[in-house]
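Worksheet: the structure to be examined is printed underneath.
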Amino acid sequence: MAKTETAPVLTGFRDLVAHLESGPKPDRSTWRIGTEHEKFAFYRDTLKPVPYEGENGIGALLNKLADKYGWERTYEGENVIALKQGMASITLEPGGQFELSGAPLEHLHQTCAETGSHLSQLRDVCDDMNIAFLGVGFQPLWALDDIPIMPKGRYKIMRDYMAKVGRLGRQMMFRSCTVQTNLDFASEADMVKKFRVGLALQPIATALFAASPFAEGRLNGFLSYRAHIWTDTDPDRTGMLPFVFEDGMGFERYAKYALDVPMYFAYRDGKYVDCSGQSFRAFMDGKMSTLPGERPTAKDWEDHLTTIFPEVRLKTYLEMRGADAGPWSRLCALPAFWAGIYYDDAALEAAWSLVKSWTAEDRESLRRAVPVLGLRAPIRGNSAQNIAQAALAIARQGLKSRAKADGSGQDETHFLTELDDIAASGVTPAERLIERYRTEWGGDVKRVFEACAY
């Protein structure tokens, strides 16, 4: 099968490591903040999820955004499946979750302005399409069979494979939404330190952002059902990565890990080739059954790295992946939390001091307790609430030290205010939704579509 890629063919393991080694940015003035957030599209009158097809479908919505706001279309076959504008893109998750992958920006004021502009464009274009968007971590009303499937070849491959490796992978694909942030590092050592802090504190972010207590019209027993789903999706490519905390962690160690994560696909001649469950090592040796004799390109390796889903993911930057989607204010708060910790040396050291005594068992126990208990989850005789307050204080000081002011002279610390309130009260966003469900909503989950719409 002929290759259409122009990316160079990989000749050995060093090429895999070299890709990761291209990530460090020694000049911190070049560090940027990228924010990605997903949301559920639904019809205002029926609350049903929006399919791709039709004059008021996702495809039509993408075309209207492109026509009115100058986004460049990306096609798969005849279907528009993404939009691009500069360094930002709009993409579709498997069940039509609408994602803004924001541009790498210098400070949080730009991040929040970008998010506001995106939501404003959506409101404008959707006004006569009967479409609105919901900001929570899990689809609160509709069953898996009710969710439409987007016309992207990689998702069919993933959907079929998910059923073989975990109970909840398809729930993750079609019914969950997240907000994440992407951040830089100066060196390999800086990457390792940030990776360790990020993994340890990821359950704390999960607790602060927990907002997925409903499923199929009722309470699901969790505060972050989205986070619970990730504990039973695919053990080969998810989790807390204990090896990151071991001696010898670096780009080479992560490349070895990624090399042994089973593949999903390779992209050839404009189509996705099903390679699910096969070894990238075999691909490197030209011995993969679906592409016999072929060896991977650099683009194949980059694609493979996007199919690994640990709580923190390494590419040429670090992705923080632990939070449920939520309202506009919390979409700006997530990058504030992590940039405050990561982008100031004293803050990063303080955060490491907070978590460095935790064992792999401690970290995994916290990860599994938080989806149910939220900020009440225990950690080494302490509570997630206390750790959250300490981490937020560290992040606030880090943002203060960054001293990135907006036009009115306000620094970035105010983006943490909502998280400070959550941590001080110990009451997660999910618990606030549950309280409303039990009182003013009279047990009607449909009210969440009004309360949490953008």
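As shown in the structure tokens, the chain order sets the letters A, B, ...; within each chain, residues go from 1, and ligands are also counted from 1 in the order they appear.
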What are the closest atom pairs, with distances in Å to one decimal, for each residue of stretch 80-108 of chain A lying within 9 Å of stretch 148-169 of chain A, using only C-alpha atoms, rows by chain and rising residue number, as CSV?
```
residue,atom,partner,partner_atom,distance
A:Ile81,CA,A:Lys152,CA,7.2
A:Leu92,CA,A:Met150,CA,7.4
A:Glu93,CA,A:Met150,CA,7.5
A:Pro94,CA,A:Met150,CA,5.5
A:Gly95,CA,A:Ile149,CA,5.1
A:Gly96,CA,A:Met150,CA,5.9
```
Writing out the chosen residues with N, CA and C atoms as a tab-separated table (two decimals), in the first residue's frame:
```tsv
chain	number	residue	atom	x	y	z
A	81	ILE	N	-14.44	17.60	9.14
A	81	ILE	CA	-14.36	16.98	10.46
A	81	ILE	C	-13.56	17.84	11.45
A	92	LEU	N	-13.81	17.30	16.53
A	92	LEU	CA	-14.94	16.52	17.01
A	92	LEU	C	-14.47	15.29	17.75
A	93	GLU	N	-15.03	15.08	18.92
A	93	GLU	CA	-14.84	13.83	19.63
A	93	GLU	C	-15.84	12.80	19.08
A	94	PRO	N	-15.71	11.53	19.46
A	94	PRO	CA	-16.49	10.47	18.80
A	94	PRO	C	-18.00	10.66	18.79
A	95	GLY	N	-18.56	11.17	19.90
A	95	GLY	CA	-20.00	11.33	19.99
A	95	GLY	C	-20.48	12.72	19.64
A	96	GLY	N	-19.64	13.49	18.94
A	96	GLY	CA	-20.01	14.84	18.57
A	96	GLY	C	-19.67	15.89	19.61
```
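Omitting A:Glu418 and its sequence neighbours fewer than 5 positions away, and counting only C-alpha atoms, the residues within 12 Å are Leu208, Phe209, Gly326, Pro327, Trp328, Ser329, Arg330, Leu331, Cys332, Ala333, Leu334, Ala336, Phe337, Leu392, Thr413, Ala423, Ala424, Ser425, Val427, Thr428 and Pro429 of chain A.
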Would you put the residues from that selection into a file with N, CA and C atoms, as a CSV table (one decimal), in the first residue's frame?
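Here's the written file part12.csv:
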```
chain,number,residue,atom,x,y,z
A,208,LEU,N,-11.5,19.1,42.4
A,208,LEU,CA,-11.9,20.5,42.2
A,208,LEU,C,-12.8,20.7,41.1
A,209,PHE,N,-12.7,19.9,40.0
A,209,PHE,CA,-13.5,20.1,38.8
A,209,PHE,C,-14.6,19.1,38.7
A,326,GLY,N,-16.6,22.1,32.4
A,326,GLY,CA,-17.5,22.9,33.3
A,326,GLY,C,-17.8,24.2,32.6
A,327,PRO,N,-18.2,25.2,33.4
A,327,PRO,CA,-18.6,26.5,32.9
A,327,PRO,C,-17.3,27.3,32.4
A,328,TRP,N,-17.6,28.4,31.7
A,328,TRP,CA,-16.5,29.3,31.2
A,328,TRP,C,-15.5,29.6,32.3
A,329,SER,N,-15.9,29.9,33.5
A,329,SER,CA,-15.0,30.4,34.5
A,329,SER,C,-14.0,29.2,34.9
A,330,ARG,N,-14.5,28.0,34.9
A,330,ARG,CA,-13.6,26.9,35.3
A,330,ARG,C,-12.7,26.5,34.1
A,331,LEU,N,-13.2,26.8,32.9
A,331,LEU,CA,-12.3,26.5,31.7
A,331,LEU,C,-11.0,27.4,31.8
A,332,CYS,N,-11.2,28.6,32.4
A,332,CYS,CA,-10.0,29.4,32.6
A,332,CYS,C,-9.2,29.1,33.8
A,333,ALA,N,-9.9,28.5,34.8
A,333,ALA,CA,-9.3,28.1,36.1
A,333,ALA,C,-8.3,27.0,36.0
A,334,LEU,N,-8.6,26.0,35.1
A,334,LEU,CA,-7.7,24.9,35.0
A,334,LEU,C,-6.3,25.3,34.6
A,336,ALA,N,-5.0,28.1,34.9
A,336,ALA,CA,-4.4,28.9,35.9
A,336,ALA,C,-3.8,28.1,37.0
A,337,PHE,N,-4.5,27.0,37.4
A,337,PHE,CA,-4.0,26.1,38.5
A,337,PHE,C,-2.6,25.5,38.1
A,392,LEU,N,-3.5,25.2,45.8
A,392,LEU,CA,-4.0,26.5,45.2
A,392,LEU,C,-3.2,27.7,45.8
A,413,THR,N,-4.1,35.9,39.0
A,413,THR,CA,-4.5,35.2,40.2
A,413,THR,C,-6.0,35.1,40.3
A,423,ALA,N,-12.5,24.8,47.2
A,423,ALA,CA,-11.6,24.1,48.1
A,423,ALA,C,-11.9,24.5,49.6
A,424,ALA,N,-12.2,25.8,49.8
A,424,ALA,CA,-12.5,26.3,51.1
A,424,ALA,C,-13.8,25.6,51.7
A,425,SER,N,-14.8,25.4,50.9
A,425,SER,CA,-16.0,24.8,51.3
A,425,SER,C,-15.9,23.3,51.4
A,427,VAL,N,-16.9,21.5,49.0
A,427,VAL,CA,-18.1,21.1,48.3
A,427,VAL,C,-17.7,21.2,46.8
A,428,THR,N,-17.7,20.0,46.1
A,428,THR,CA,-17.4,20.0,44.7
A,428,THR,C,-18.5,20.6,43.8
A,429,PRO,N,-18.2,21.0,42.6
A,429,PRO,CA,-19.3,21.4,41.7
A,429,PRO,C,-20.4,20.3,41.5
```
Exercise: A:Val372 partners within 10 Å, only C-alpha atoms, chain neighbours under 5 positions left out, as a PyMOL selection string:
chain A and resi 207+210+213+221-225+227-228+367+377
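You will find atom CA of A:Arg32 at 5.0 Å from atom CA of A:Glu106.
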Excluding A:Ser353 and residues on its chain fewer than 5 positions from it, collect all residues at most 12 Å away from it, counting only C-alpha atoms, and give them as JSON, numbers by chain.
{"A": [193, 196, 197, 200, 201, 346, 347, 348, 358, 387, 390, 391, 394]}
I need the chosen residues saved as a CSV table (one decimal), in the first residue's frame, with C-alpha atoms.
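Saved to selection_10.csv:
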```csv
chain,number,residue,atom,x,y,z
A,193,LYS,CA,9.8,17.1,37.9
A,196,ARG,CA,5.7,13.8,38.8
A,197,VAL,CA,4.0,16.8,40.3
A,200,ALA,CA,0.5,13.3,42.0
A,201,LEU,CA,-1.8,16.3,41.9
A,346,ALA,CA,9.6,28.2,43.7
A,347,ALA,CA,6.0,27.1,43.2
A,348,LEU,CA,7.1,23.9,41.4
A,358,TRP,CA,3.5,9.8,48.5
A,387,ILE,CA,-4.0,19.3,49.7
A,390,ALA,CA,-2.2,24.1,49.8
A,391,ALA,CA,-1.8,23.5,46.0
A,394,ILE,CA,1.1,27.5,45.7
```
Give the alpha helix (DSSP H) residues of stretch 152-343 of chain A, as assigned by DSSP on the backbone, as JSON, numbers by chain.
{"A": [153, 154, 155, 156, 157, 158, 159, 160, 161, 162, 163, 164, 165, 169, 170, 171, 172, 173, 174, 175, 188, 189, 190, 191, 192, 193, 194, 195, 196, 197, 198, 199, 200, 201, 202, 203, 204, 205, 206, 207, 208, 209, 225, 226, 227, 228, 229, 251, 252, 253, 254, 255, 256, 257, 258, 259, 280, 281, 282, 283, 284, 298, 299, 300, 301, 302, 303, 304, 305, 328, 329, 330, 331, 332, 333, 334, 335, 336, 337, 338, 339, 340, 341, 342]}
Go ahead and write the residues just picked, C-alpha atoms, as an mmCIF file, in the first residue's frame.
```
data_model
loop_
_atom_site.group_PDB
_atom_site.id
_atom_site.type_symbol
_atom_site.label_atom_id
_atom_site.label_comp_id
_atom_site.auth_asym_id
_atom_site.auth_seq_id
_atom_site.Cartn_x
_atom_site.Cartn_y
_atom_site.Cartn_z
ATOM 1 C CA GLY A 153 -12.304 6.605 10.604
ATOM 2 C CA ARG A 154 -10.084 6.449 13.660
ATOM 3 C CA TYR A 155 -13.120 6.417 15.953
ATOM 4 C CA LYS A 156 -14.612 3.272 14.428
ATOM 5 C CA ILE A 157 -11.289 1.486 14.976
ATOM 6 C CA MET A 158 -11.093 2.750 18.560
ATOM 7 C CA ARG A 159 -14.724 1.883 19.315
ATOM 8 C CA ASP A 160 -14.316 -1.706 18.144
ATOM 9 C CA TYR A 161 -11.066 -2.151 20.082
ATOM 10 C CA MET A 162 -12.350 -0.526 23.292
ATOM 11 C CA ALA A 163 -14.867 -3.315 23.837
ATOM 12 C CA LYS A 164 -11.980 -5.817 24.055
ATOM 13 C CA VAL A 165 -9.855 -4.094 26.700
ATOM 14 C CA GLY A 169 -13.970 2.749 27.099
ATOM 15 C CA ARG A 170 -16.948 3.453 24.889
ATOM 16 C CA GLN A 171 -18.503 5.544 27.646
ATOM 17 C CA MET A 172 -15.316 7.620 27.658
ATOM 18 C CA MET A 173 -15.412 8.034 23.884
ATOM 19 C CA PHE A 174 -19.043 8.960 23.404
ATOM 20 C CA ARG A 175 -20.350 10.385 26.669
ATOM 21 C CA GLU A 188 14.475 16.797 30.472
ATOM 22 C CA ALA A 189 14.947 17.230 34.232
ATOM 23 C CA ASP A 190 12.282 19.956 34.315
ATOM 24 C CA MET A 191 9.927 17.680 32.376
ATOM 25 C CA VAL A 192 10.439 14.860 34.869
ATOM 26 C CA LYS A 193 9.767 17.084 37.878
ATOM 27 C CA LYS A 194 6.642 18.565 36.304
ATOM 28 C CA PHE A 195 5.454 15.121 35.194
ATOM 29 C CA ARG A 196 5.743 13.809 38.759
ATOM 30 C CA VAL A 197 4.001 16.804 40.329
ATOM 31 C CA GLY A 198 1.286 16.673 37.676
ATOM 32 C CA LEU A 199 0.549 12.980 38.159
ATOM 33 C CA ALA A 200 0.471 13.265 41.951
ATOM 34 C CA LEU A 201 -1.835 16.300 41.949
ATOM 35 C CA GLN A 202 -4.057 15.191 39.060
ATOM 36 C CA PRO A 203 -6.657 13.638 41.430
ATOM 37 C CA ILE A 204 -6.763 16.964 43.275
ATOM 38 C CA ALA A 205 -7.673 18.711 40.016
ATOM 39 C CA THR A 206 -10.246 15.964 39.411
ATOM 40 C CA ALA A 207 -11.846 16.735 42.783
ATOM 41 C CA LEU A 208 -11.876 20.512 42.246
ATOM 42 C CA PHE A 209 -13.498 20.125 38.826
ATOM 43 C CA TYR A 225 -18.080 9.609 36.761
ATOM 44 C CA ARG A 226 -15.780 10.735 33.938
ATOM 45 C CA ALA A 227 -12.759 10.114 36.185
ATOM 46 C CA HIS A 228 -14.122 6.716 37.245
ATOM 47 C CA ILE A 229 -14.501 5.716 33.596
ATOM 48 C CA PHE A 251 12.476 10.876 27.392
ATOM 49 C CA GLU A 252 13.961 7.459 26.664
ATOM 50 C CA ARG A 253 11.955 5.782 29.420
ATOM 51 C CA TYR A 254 8.695 7.307 28.181
ATOM 52 C CA ALA A 255 9.491 6.275 24.602
ATOM 53 C CA LYS A 256 9.981 2.685 25.806
ATOM 54 C CA TYR A 257 6.611 2.819 27.541
ATOM 55 C CA ALA A 258 4.882 4.267 24.474
ATOM 56 C CA LEU A 259 6.513 1.697 22.214
ATOM 57 C CA PHE A 280 4.686 -0.487 17.326
ATOM 58 C CA ARG A 281 7.849 -2.536 17.833
ATOM 59 C CA ALA A 282 6.712 -4.893 15.066
ATOM 60 C CA PHE A 283 5.940 -1.822 12.932
ATOM 61 C CA MET A 284 9.513 -0.606 13.515
ATOM 62 C CA ALA A 298 7.705 10.264 12.186
ATOM 63 C CA LYS A 299 4.020 11.136 11.676
ATOM 64 C CA ASP A 300 3.016 7.583 12.646
ATOM 65 C CA TRP A 301 4.918 7.997 15.925
ATOM 66 C CA GLU A 302 3.269 11.360 16.614
ATOM 67 C CA ASP A 303 -0.134 9.823 15.900
ATOM 68 C CA HIS A 304 0.634 6.881 18.184
ATOM 69 C CA LEU A 305 1.552 9.236 21.043
ATOM 70 C CA TRP A 328 -16.510 29.254 31.205
ATOM 71 C CA SER A 329 -15.025 30.360 34.543
ATOM 72 C CA ARG A 330 -13.614 26.897 35.283
ATOM 73 C CA LEU A 331 -12.304 26.523 31.740
ATOM 74 C CA CYS A 332 -10.012 29.446 32.568
ATOM 75 C CA ALA A 333 -9.285 28.147 36.073
ATOM 76 C CA LEU A 334 -7.689 24.856 34.995
ATOM 77 C CA PRO A 335 -4.757 26.406 33.092
ATOM 78 C CA ALA A 336 -4.421 28.924 35.930
ATOM 79 C CA PHE A 337 -4.004 26.121 38.470
ATOM 80 C CA TRP A 338 -1.338 24.303 36.490
ATOM 81 C CA ALA A 339 0.524 27.294 35.044
ATOM 82 C CA GLY A 340 0.744 28.762 38.527
ATOM 83 C CA ILE A 341 2.452 25.594 39.740
ATOM 84 C CA TYR A 342 4.553 24.808 36.652
#
```
Nearest residue to A:Gly381 out of A:Glu21, A:Leu366, A:Trp142, A:Leu100, using only C-alpha atoms?
A:Leu366
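If only C-alpha atoms are the atoms counted, then among A:Lys84, A:Cys275, A:Gln389, A:Arg368 the closest residue to A:Tyr69 is A:Lys84.
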Measuring between only C-alpha atoms, which one of A:Asp344, A:Leu373, A:Glu435, A:Leu108 shows the shortest distance to A:Gln410?
A:Leu108
Between atom CA of A:Tyr272 and atom CA of A:Leu16, what is the distance in Å, rounded to a tenth?
21.4 Å
Per DSSP on the backbone, filter stretch 10-135 of chain A down to the residues in strand (DSSP E) and report them as a PDB file with C-alpha atoms, in the first residue's frame.
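Result written to part_17.pdb:
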```pdb
ATOM      1  CA  ILE A  33      -0.331  27.844  27.724  1.00  0.00           C
ATOM      2  CA  GLY A  34      -2.644  25.797  25.516  1.00  0.00           C
ATOM      3  CA  THR A  35      -6.155  25.003  26.691  1.00  0.00           C
ATOM      4  CA  GLU A  36      -8.539  22.423  25.236  1.00  0.00           C
ATOM      5  CA  HIS A  37     -12.138  21.989  26.245  1.00  0.00           C
ATOM      6  CA  GLU A  38     -14.999  19.788  25.133  1.00  0.00           C
ATOM      7  CA  LYS A  39     -18.743  20.354  25.441  1.00  0.00           C
ATOM      8  CA  PHE A  40     -21.911  18.494  24.546  1.00  0.00           C
ATOM      9  CA  ALA A  41     -23.961  19.853  21.650  1.00  0.00           C
ATOM     10  CA  PHE A  42     -27.713  19.403  22.134  1.00  0.00           C
ATOM     11  CA  TYR A  43     -30.974  20.587  20.587  1.00  0.00           C
ATOM     12  CA  GLU A  72     -10.183  26.699   7.396  1.00  0.00           C
ATOM     13  CA  ARG A  73     -11.881  23.352   6.818  1.00  0.00           C
ATOM     14  CA  THR A  74     -10.262  19.945   7.299  1.00  0.00           C
ATOM     15  CA  TYR A  75     -11.878  17.067   5.434  1.00  0.00           C
ATOM     16  CA  GLU A  76     -12.019  13.305   5.807  1.00  0.00           C
ATOM     17  CA  ASN A  79     -16.969  15.376   5.405  1.00  0.00           C
ATOM     18  CA  VAL A  80     -15.682  18.452   7.220  1.00  0.00           C
ATOM     19  CA  ILE A  81     -14.359  16.979  10.463  1.00  0.00           C
ATOM     20  CA  ALA A  82     -12.306  19.882  11.876  1.00  0.00           C
ATOM     21  CA  LEU A  83     -11.556  23.586  11.508  1.00  0.00           C
ATOM     22  CA  LYS A  84      -8.274  25.449  11.840  1.00  0.00           C
ATOM     23  CA  GLN A  85      -7.408  29.089  12.386  1.00  0.00           C
ATOM     24  CA  ALA A  88      -6.157  26.963  17.154  1.00  0.00           C
ATOM     25  CA  SER A  89      -8.464  24.222  15.925  1.00  0.00           C
ATOM     26  CA  ILE A  90     -12.000  22.947  16.434  1.00  0.00           C
ATOM     27  CA  THR A  91     -12.304  19.167  16.411  1.00  0.00           C
ATOM     28  CA  LEU A  92     -14.944  16.524  17.012  1.00  0.00           C
ATOM     29  CA  PHE A  98     -17.301  19.830  20.277  1.00  0.00           C
ATOM     30  CA  GLU A  99     -13.704  20.662  21.187  1.00  0.00           C
ATOM     31  CA  LEU A 100     -11.723  23.873  20.981  1.00  0.00           C
ATOM     32  CA  SER A 101      -7.994  23.132  20.945  1.00  0.00           C
ATOM     33  CA  ILE A 131     -28.327  24.099  19.152  1.00  0.00           C
ATOM     34  CA  ALA A 132     -26.852  24.841  22.573  1.00  0.00           C
ATOM     35  CA  PHE A 133     -23.862  23.465  24.486  1.00  0.00           C
ATOM     36  CA  LEU A 134     -23.575  21.818  27.885  1.00  0.00           C
TER      37      LEU A 134
END
```
Would you mind listing what lies within 9 Å of A:Leu433 as a ChimeraX atom specification, with only C-alpha atoms counted and same-chain residues fewer than 3 positions away left out?
/A:211,213,428-430,436-438,448,451
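Between A:Ser117 and the residues A:Gly443, A:Gly102, A:Gly407, A:Gly86, the shortest atom-to-atom distance, using only C-alpha atoms, involves A:Gly102.
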